[in-house]
Amino acid sequence: MPPLAALLLRRRLHRQLHSILSLSRHFSSSSLSSSSSPIEKILVANRGEIAIRIMRTARRLGIRTVAVYSDADRESLHVRHADEAVRIGPAQAKLSYLDKSAILEAAARTGAQAVHPGYGFLSENAEFAQLCESEGFTFIGPPSSAIRDMGDKSASKRIMGEAGVPLVPGYHGTNQDLDLMRSEAEKIGYPVLIKPTHGGGGKGMRIVQNPAEFVDSFLGAQREAAASFDVDTILLEKYITRPRHIEVQIFGDQQGNVIYLYERDCSVQRRHQKIIEEAPAPNVSDKFRSEVGKAAVSAAKAVGYYNAGTVEFIVDTVSGEFYFMEMNTRLQVEHPVTEMVVRKDLVEWQIRVANGEPLPVSQEEVQLSGHAFEARIYAENVPKGFLPATGVLHHYRPVPVSETVRLETGVGQGHAVSIHYDPMIAKLVVWGESRAAALVKLKDSLANFQIAGLPTNIDFLLKLSNHHAFESGQVETHFIDHYKDELFPNASDTLKAEKGFQDAQLSAVRVAACLCKRENAIAKENLHGAASHLSIWYSEVPFRVNHCAQRNFELEWENEYDEGAAVNVKLIVNYQQDRSYLIKSASEDSGSTGSKVRVTQLNEHDFRVEVDGSTSTVSLAVYSKGPIEHLHTWHGSQHLQFRQKVGLELSGGDEVQDKRSHTEASSHSPGTVVTPMAGLVVKVLFEDGAKVEAGQPVLVLEAMKMEHVVKAPSSGFIRGLQATPGKQVSDGSVLFKIQGE
């Protein structure tokens with residue numbers, strides 16, 4: 001039989017098997033959604049940390065789980081955590097995690113009774129929820145009718161208005177004609193907020209300051225919405241200039257009961273996406289808390305809602321009024337902060353409600369306990385405007401978990417963050433008896449969260465959590481923009497720049513000493529059992545005739561106060577007979593002895609380092625990329641990265657010396673434009689040779705479900721443009737050049 005015919009026959013037989021399984025469900029004596037047939041096996045239609053989170057609760061309840069995975073996720077942690085796993089397609093989300101048929105076929109094949117969608121992907125897809133229901137699977141989430149009503153943000157605004165929930169002025173109609181939308185924006189008054197009617201996570205959202213920006217922003221929002229949610233309809237709202245983002249966790253059962261589990265503040269955002277959430281919201285009154293909670297319950301009841309949901313409100317910090325923004329008909333990314341302060345497992349509640357059970361508590365029985373923060377740790381390049389980053393986690397050492405420190409992650413050391421999915425690495429959740437106590441724990445946990453191999457936002461989150469305004473709870477959605485001069489390195493701040501350089505110099509001394517100790521330990525291990533005559537040359541104090549052994553280091557450090565300019569730190573290390581080191585800068589005069597350093601290696605990555613009588617713990621991670629060795633060091637709340645060339649050469653008789661030269665940065669001619677991150681070209685606006693003005697968009701990239709516009713750096717003619725829609729480009733590759741007229 002020809003291969004193609006055989007493939008078609010197998011697919012036909014599989015569909016027949018699926019039909020038989022579905023038929024058997026329809027003729028069962030009781031519905032799977034009733035309490036008489038409790039769920040015993042769940043297929044989790046998601047990936048990463050949320051899939052693992054669901055599986056953890058399911059395992060505690062004795063429920064078996066099925067994972068689905070794409071080719072990119074074959075070795076992922078969520079696959080290992082499940083009792084069974086089924087491949088559903090290639091890496092692209094549209095062909096795997098958004099493939100409804102493949103997911104339901106996997107559920108039928110494995111005998112799963114229920115499907116949990118997690119968040120993102122198909123979690124707010126009414127058609128998928130309806131398919132689950134019609135095929136006899138229990139959908140662990142709200143009814144498809146509620147997803148449809150609240151998933152269409154325009155329709156939800158109309159329903160909320162009828163229910164008496166306050167609304168922001170805007171256009172929520174179905175007519176998407178460009179001229180009409182432009183006219184409606186004029187009526188609302190600029191600035192306006194463009195937002196997809198479906199989905200969430202800030203994808204497709206645009207703030208438009210004036211009419212000249214409207215068309216490009218509108219079309220870009222449509223493209224991004226279509227790529228992320230398969231729906232490209234848009235709504236318009238008046239943009240509130242000083243808002244807070246406060247959302248309420250609600251929960252309903254199939255008996256008609258709905259309660260609220262208090263609110264979360266999600267105001268601290270970048271690129272319209274949350275990075276730190278907390279519960280309860282700081283600096284709000286009990287009256288506000290009660291009113292916003294009751295409004296959220298009214299919103300849920302208006303659409304016959306049950307299971308977990310979140311009603312989001314925008315709060316005008318000037319007037320104190322709050323307005324309905326949208327309802328997320330799923331479990332939120334930030335649900336752990338609510339779990340920490342109400343001491344409930346929301347995934348367990350989801351399963352029990354899906355089984356037909358009533359809510360276990362009434363509104364009066366829901367008590368707040370302490371305060372919790374969640375920090376989202378992303379692979380992203382903060383200095384480049386928080387652009388998503390890709391790469392391998394060469395070193396991944398998160399903080400230890402406890403009753404008050406929780407970690408949600410879907411990756412481990414050696415895993416890669418790819419361009420295909422969201423760049424979130426982990427969620428760090430902490431609890432304290434008060435906001436101040438929880439904040440202390442957040443700072444400490446961020447300072448001890450170690451990642452090396454790709455850029456992350458950990459250092460930025462630590463700086464943000466130490467900011468005086470954040471410490472006092474004075475948060476709003478423009479927090480980062482408002483305090484950017486304090487949150488980002490400022491070259492004009494000479495005091496901080498000088499301190500940064502001094503810290504780097506001292507850190508380099510510690511790194512050099514730790515490297516010497518580390519390499520000596522490795523040499524000892526490698527030479528164990530070898531010829532004894534080698535040991536004298538590779539002892540901890542290398543033997544030399546009539547003088548102390550000496551070694552030179554040249555480490556490169558990126559000065560964040562000088563736009564990442566490379567600074568070479570040259571050090572001379574002299575080995576001492578008492579197993580200490582004398583380390584000094586190569587620029588110091590010959591009469592200087594430098595710093596006396598003693599090192600004790602505690603384990604593979606941790607060292608106890610004494611510099612001139614001051615002792616502290618230092619962590620070191622080392623990995624190589626080509627000829628460059630990358631050195632990450634953590635000391636207290638400080639994290640620094642150095643680079644050095646790999647390679648040894650003989651110099652000065654029998655002295656073995658590292659020849660270190662600075663890492664050469666890729667140099668391009670003026671006017672060259674390179675990709676800010678790996679991604680997919682989705683639109684090319686000009687042809688090669690076209691004339692453009694400075695700042696004019698030339699092409700659009702999509703990475704990790706977000707669009708990024710690449711603009712001309714100067715006026716002139718486009719040269720060397722070879723990118724076409726659908727082409728994959730790597731990080732740092734040349735896109736085109738702009739040549740003068």
# chains A, B, ... in the order shown; residues from 1 in each chain; ligands from 1

call {"tool": "residues_around", "arguments": {"residues": "stretch 318-328 of chain A", "least_positions_apart": "6", "cutoff": "7 Å", "atoms": "only C-alpha atoms", "output": "list in words"}}
result
Met150, Lys153, Val165, Pro166, Leu167, Val168, Gly309, Thr310, Val311 and Glu312 of chain A

call {"tool": "write_last_selection", "arguments": {"atoms": "all heavy atoms", "output": "PDB file, in the first residue's frame"}}
result
ATOM      1  N   MET A 150     -18.451  37.051  27.340  1.00  0.00           N
ATOM      2  CA  MET A 150     -17.416  37.873  27.955  1.00  0.00           C
ATOM      3  C   MET A 150     -16.133  37.906  27.135  1.00  0.00           C
ATOM      4  O   MET A 150     -15.318  38.810  27.288  1.00  0.00           O
ATOM      5  CB  MET A 150     -17.110  37.372  29.366  1.00  0.00           C
ATOM      6  CG  MET A 150     -18.314  37.373  30.291  1.00  0.00           C
ATOM      7  SD  MET A 150     -19.124  38.985  30.403  1.00  0.00           S
ATOM      8  CE  MET A 150     -18.094  39.783  31.596  1.00  0.00           C
ATOM      9  N   LYS A 153     -15.219  41.419  23.835  1.00  0.00           N
ATOM     10  CA  LYS A 153     -15.176  42.566  24.742  1.00  0.00           C
ATOM     11  C   LYS A 153     -16.233  43.609  24.403  1.00  0.00           C
ATOM     12  O   LYS A 153     -16.718  44.326  25.279  1.00  0.00           O
ATOM     13  CB  LYS A 153     -13.771  43.166  24.751  1.00  0.00           C
ATOM     14  CG  LYS A 153     -12.727  42.243  25.382  1.00  0.00           C
ATOM     15  CD  LYS A 153     -11.366  42.866  25.429  1.00  0.00           C
ATOM     16  CE  LYS A 153     -10.366  41.961  26.143  1.00  0.00           C
ATOM     17  NZ  LYS A 153     -10.178  40.675  25.475  1.00  0.00           N
ATOM     18  N   VAL A 165     -22.946  47.823  35.684  1.00  0.00           N
ATOM     19  CA  VAL A 165     -21.525  47.888  36.014  1.00  0.00           C
ATOM     20  C   VAL A 165     -20.913  49.099  35.296  1.00  0.00           C
ATOM     21  O   VAL A 165     -21.134  49.277  34.092  1.00  0.00           O
ATOM     22  CB  VAL A 165     -20.803  46.589  35.592  1.00  0.00           C
ATOM     23  CG1 VAL A 165     -19.315  46.663  35.937  1.00  0.00           C
ATOM     24  CG2 VAL A 165     -21.444  45.384  36.264  1.00  0.00           C
ATOM     25  N   PRO A 166     -20.165  49.966  35.995  1.00  0.00           N
ATOM     26  CA  PRO A 166     -19.613  51.187  35.374  1.00  0.00           C
ATOM     27  C   PRO A 166     -18.705  50.869  34.183  1.00  0.00           C
ATOM     28  O   PRO A 166     -17.912  49.920  34.231  1.00  0.00           O
ATOM     29  CB  PRO A 166     -18.806  51.821  36.510  1.00  0.00           C
ATOM     30  CG  PRO A 166     -19.361  51.238  37.763  1.00  0.00           C
ATOM     31  CD  PRO A 166     -19.810  49.862  37.422  1.00  0.00           C
ATOM     32  N   LEU A 167     -18.805  51.662  33.101  1.00  0.00           N
ATOM     33  CA  LEU A 167     -18.036  51.452  31.875  1.00  0.00           C
ATOM     34  C   LEU A 167     -17.229  52.681  31.491  1.00  0.00           C
ATOM     35  O   LEU A 167     -17.651  53.812  31.725  1.00  0.00           O
ATOM     36  CB  LEU A 167     -18.967  51.106  30.706  1.00  0.00           C
ATOM     37  CG  LEU A 167     -19.813  49.840  30.818  1.00  0.00           C
ATOM     38  CD1 LEU A 167     -20.740  49.735  29.620  1.00  0.00           C
ATOM     39  CD2 LEU A 167     -18.919  48.614  30.920  1.00  0.00           C
ATOM     40  N   VAL A 168     -16.079  52.453  30.855  1.00  0.00           N
ATOM     41  CA  VAL A 168     -15.268  53.530  30.286  1.00  0.00           C
ATOM     42  C   VAL A 168     -15.895  53.934  28.948  1.00  0.00           C
ATOM     43  O   VAL A 168     -16.301  53.070  28.170  1.00  0.00           O
ATOM     44  CB  VAL A 168     -13.816  53.064  30.053  1.00  0.00           C
ATOM     45  CG1 VAL A 168     -12.989  54.166  29.401  1.00  0.00           C
ATOM     46  CG2 VAL A 168     -13.179  52.635  31.357  1.00  0.00           C
ATOM     47  N   GLY A 309     -12.972  32.852  37.441  1.00  0.00           N
ATOM     48  CA  GLY A 309     -12.955  33.972  36.506  1.00  0.00           C
ATOM     49  C   GLY A 309     -12.389  35.209  37.176  1.00  0.00           C
ATOM     50  O   GLY A 309     -12.314  35.281  38.407  1.00  0.00           O
ATOM     51  N   THR A 310     -11.987  36.158  36.368  1.00  0.00           N
ATOM     52  CA  THR A 310     -11.417  37.406  36.893  1.00  0.00           C
ATOM     53  C   THR A 310     -12.065  38.582  36.179  1.00  0.00           C
ATOM     54  O   THR A 310     -12.083  38.639  34.945  1.00  0.00           O
ATOM     55  CB  THR A 310      -9.900  37.452  36.687  1.00  0.00           C
ATOM     56  OG1 THR A 310      -9.290  36.393  37.434  1.00  0.00           O
ATOM     57  CG2 THR A 310      -9.325  38.776  37.162  1.00  0.00           C
ATOM     58  N   VAL A 311     -12.582  39.501  36.963  1.00  0.00           N
ATOM     59  CA  VAL A 311     -13.178  40.726  36.410  1.00  0.00           C
ATOM     60  C   VAL A 311     -12.171  41.853  36.618  1.00  0.00           C
ATOM     61  O   VAL A 311     -11.790  42.148  37.758  1.00  0.00           O
ATOM     62  CB  VAL A 311     -14.517  41.055  37.086  1.00  0.00           C
ATOM     63  CG1 VAL A 311     -15.155  42.272  36.415  1.00  0.00           C
ATOM     64  CG2 VAL A 311     -15.458  39.852  37.018  1.00  0.00           C
ATOM     65  N   GLU A 312     -11.744  42.447  35.508  1.00  0.00           N
ATOM     66  CA  GLU A 312     -10.717  43.485  35.562  1.00  0.00           C
ATOM     67  C   GLU A 312     -11.360  44.875  35.512  1.00  0.00           C
ATOM     68  O   GLU A 312     -12.261  45.132  34.710  1.00  0.00           O
ATOM     69  CB  GLU A 312      -9.740  43.315  34.399  1.00  0.00           C
ATOM     70  CG  GLU A 312      -9.017  41.970  34.430  1.00  0.00           C
ATOM     71  CD  GLU A 312      -7.853  41.909  33.458  1.00  0.00           C
ATOM     72  OE1 GLU A 312      -7.678  42.867  32.673  1.00  0.00           O
ATOM     73  OE2 GLU A 312      -7.120  40.914  33.488  1.00  0.00           O
TER      74      GLU A 312
END

call {"tool": "residues_around", "arguments": {"residues": "stretch 213-228 of chain A", "least_positions_apart": "6", "cutoff": "9 Å", "atoms": "only C-alpha atoms", "output": "CSV table (one decimal) with N, CA and C atoms, in the first residue's frame"}}
result
chain,number,residue,atom,x,y,z
A,94,LYS,N,-0.3,27.4,16.3
A,94,LYS,CA,-1.5,27.2,15.5
A,94,LYS,C,-1.7,25.8,15.0
A,121,PHE,N,-3.8,30.2,24.9
A,121,PHE,CA,-4.2,29.2,23.9
A,121,PHE,C,-5.7,29.2,23.8
A,178,LEU,N,-12.5,50.9,8.6
A,178,LEU,CA,-11.4,51.7,9.1
A,178,LEU,C,-11.8,53.2,9.2
A,181,MET,N,-14.0,53.5,12.3
A,181,MET,CA,-13.2,53.4,13.5
A,181,MET,C,-12.4,54.7,13.8
A,182,ARG,N,-11.9,55.3,12.7
A,182,ARG,CA,-11.2,56.6,12.9
A,182,ARG,C,-12.1,57.7,13.3
A,185,ALA,N,-12.9,57.2,17.0
A,185,ALA,CA,-11.8,57.7,17.8
A,185,ALA,C,-11.8,59.2,18.0
A,194,ILE,N,-6.6,51.3,21.7
A,194,ILE,CA,-7.1,50.2,20.8
A,194,ILE,C,-6.9,48.9,21.4
A,195,LYS,N,-7.9,48.0,21.4
A,195,LYS,CA,-7.8,46.8,22.1
A,195,LYS,C,-8.5,45.7,21.3
A,196,PRO,N,-8.0,44.5,21.1
A,196,PRO,CA,-8.7,43.4,20.5
A,196,PRO,C,-9.9,43.0,21.3
A,197,THR,N,-11.0,42.6,20.7
A,197,THR,CA,-12.2,42.2,21.4
A,197,THR,C,-12.1,40.9,22.1
A,198,HIS,N,-11.1,40.1,21.7
A,198,HIS,CA,-10.8,38.8,22.3
A,198,HIS,C,-9.4,38.7,22.8
A,199,GLY,N,-9.2,37.7,23.7
A,199,GLY,CA,-7.8,37.5,24.2
A,199,GLY,C,-7.5,38.4,25.4
A,203,LYS,N,-1.8,41.7,24.3
A,203,LYS,CA,-1.4,41.4,22.9
A,203,LYS,C,-2.4,42.2,22.0
A,204,GLY,N,-1.9,43.0,21.1
A,204,GLY,CA,-2.7,43.8,20.2
A,204,GLY,C,-3.1,45.1,20.7
A,205,MET,N,-2.7,45.4,22.0
A,205,MET,CA,-3.1,46.7,22.6
A,205,MET,C,-2.2,47.8,22.1
A,206,ARG,N,-2.8,49.0,21.8
A,206,ARG,CA,-2.1,50.1,21.4
A,206,ARG,C,-2.7,51.4,22.0
A,207,ILE,N,-1.8,52.3,22.5
A,207,ILE,CA,-2.2,53.6,22.9
A,207,ILE,C,-1.9,54.6,21.8
A,234,ILE,N,-11.7,44.8,16.8
A,234,ILE,CA,-11.1,45.7,17.7
A,234,ILE,C,-12.2,46.6,18.4
A,682,VAL,N,6.5,39.5,9.4
A,682,VAL,CA,5.0,39.3,9.1
A,682,VAL,C,4.6,40.4,8.0
A,700,VAL,N,7.7,44.7,9.9
A,700,VAL,CA,7.1,44.2,11.2
A,700,VAL,C,7.6,42.8,11.5
A,702,GLU,N,7.3,39.5,14.3
A,702,GLU,CA,6.5,38.9,15.3
A,702,GLU,C,7.4,37.9,16.1
A,705,LYS,N,4.4,35.9,20.0
A,705,LYS,CA,3.0,36.4,19.9
A,705,LYS,C,2.9,37.9,20.0
A,706,MET,N,4.0,38.7,20.0
A,706,MET,CA,4.0,40.1,20.0
A,706,MET,C,4.6,40.7,18.7
A,707,GLU,N,4.0,41.8,18.3
A,707,GLU,CA,4.6,42.5,17.1
A,707,GLU,C,5.6,43.5,17.5

call {"tool": "select_by_dssp", "arguments": {"residues": "stretch 465-611 of chain A", "states": "alpha helix (DSSP H)", "output": "MDAnalysis selection string"}}
result
chainID A and resid 465 468:471 479:482 484:487 494:526

call {"tool": "select_by_dssp", "arguments": {"residues": "stretch 321-475 of chain A", "states": "strand (DSSP E)", "output": "ChimeraX atom specification"}}
result
/A:322-328,371-378,380-381,387-388,391-392,395-397,405-409,416-417,424-432,450-452

call {"tool": "closest_residue", "arguments": {"among": "A:Ile259, A:Leu95, A:Val611, A:Ile522", "to": "A:Ala72", "atoms": "only C-alpha atoms"}}
result
A:Leu95

call {"tool": "atom_distance", "arguments": {"atom1": "atom CA of A:Glu40", "atom2": "atom CA of A:Arg64"}}
result
6.2 Å

call {"tool": "residues_around", "arguments": {"residues": "A:Ala302", "least_positions_apart": "3", "cutoff": "9 Å", "atoms": "only C-alpha atoms", "output": "list of chain:residue names"}}
result
A:Ile159, A:Met160, A:Glu162, A:Ala163, A:Val297, A:Ser298, A:Ala299, A:Tyr305

call {"tool": "write_last_selection", "arguments": {"atoms": "N, CA, C and O atoms", "output": "PDB file, in the first residue's frame"}}
result
ATOM      1  N   ILE A 159     -23.373  44.076  27.827  1.00  0.00           N
ATOM      2  CA  ILE A 159     -24.000  43.300  28.900  1.00  0.00           C
ATOM      3  C   ILE A 159     -23.731  43.942  30.256  1.00  0.00           C
ATOM      4  O   ILE A 159     -24.622  44.035  31.107  1.00  0.00           O
ATOM      5  N   MET A 160     -22.510  44.406  30.460  1.00  0.00           N
ATOM      6  CA  MET A 160     -22.163  45.037  31.730  1.00  0.00           C
ATOM      7  C   MET A 160     -22.928  46.345  31.931  1.00  0.00           C
ATOM      8  O   MET A 160     -23.350  46.662  33.041  1.00  0.00           O
ATOM      9  N   GLU A 162     -25.898  46.978  30.816  1.00  0.00           N
ATOM     10  CA  GLU A 162     -27.263  46.606  31.191  1.00  0.00           C
ATOM     11  C   GLU A 162     -27.331  46.122  32.637  1.00  0.00           C
ATOM     12  O   GLU A 162     -28.363  46.260  33.294  1.00  0.00           O
ATOM     13  N   ALA A 163     -26.223  45.544  33.129  1.00  0.00           N
ATOM     14  CA  ALA A 163     -26.191  45.039  34.507  1.00  0.00           C
ATOM     15  C   ALA A 163     -25.841  46.131  35.514  1.00  0.00           C
ATOM     16  O   ALA A 163     -25.767  45.867  36.718  1.00  0.00           O
ATOM     17  N   VAL A 297     -19.106  40.396  41.142  1.00  0.00           N
ATOM     18  CA  VAL A 297     -20.113  39.342  41.270  1.00  0.00           C
ATOM     19  C   VAL A 297     -21.304  39.637  40.361  1.00  0.00           C
ATOM     20  O   VAL A 297     -21.835  38.726  39.695  1.00  0.00           O
ATOM     21  N   SER A 298     -21.716  40.890  40.291  1.00  0.00           N
ATOM     22  CA  SER A 298     -22.818  41.273  39.398  1.00  0.00           C
ATOM     23  C   SER A 298     -22.468  40.969  37.947  1.00  0.00           C
ATOM     24  O   SER A 298     -23.311  40.498  37.176  1.00  0.00           O
ATOM     25  N   ALA A 299     -21.205  41.257  37.575  1.00  0.00           N
ATOM     26  CA  ALA A 299     -20.760  40.983  36.210  1.00  0.00           C
ATOM     27  C   ALA A 299     -20.847  39.490  35.905  1.00  0.00           C
ATOM     28  O   ALA A 299     -21.303  39.085  34.825  1.00  0.00           O
ATOM     29  N   TYR A 305     -22.396  32.841  35.057  1.00  0.00           N
ATOM     30  CA  TYR A 305     -21.022  32.341  35.136  1.00  0.00           C
ATOM     31  C   TYR A 305     -20.854  31.333  36.256  1.00  0.00           C
ATOM     32  O   TYR A 305     -21.405  31.476  37.348  1.00  0.00           O
TER      33      TYR A 305
END

call {"tool": "closest_residue", "arguments": {"among": "A:Ser616, A:Ser369, A:Ser507, A:Asn574", "to": "A:Leu631", "atoms": "only C-alpha atoms"}}
result
A:Ser507

call {"tool": "residues_around", "arguments": {"residues": "A:Arg289", "least_positions_apart": "3", "cutoff": "10 Å", "atoms": "only C-alpha atoms", "output": "ChimeraX atom specification"}}
result
/A:248,262-263,280-281,284-286,292-294

call {"tool": "closest_residue", "arguments": {"among": "A:Thr593, A:Thr409, A:Ser624, A:Thr494", "to": "A:Ile52", "atoms": "only C-alpha atoms"}}
result
A:Thr409

call {"tool": "closest_residue", "arguments": {"among": "A:Ala437, A:Ala51, A:Val333, A:Ile351", "to": "A:Leu77", "atoms": "only C-alpha atoms"}}
result
A:Ala51
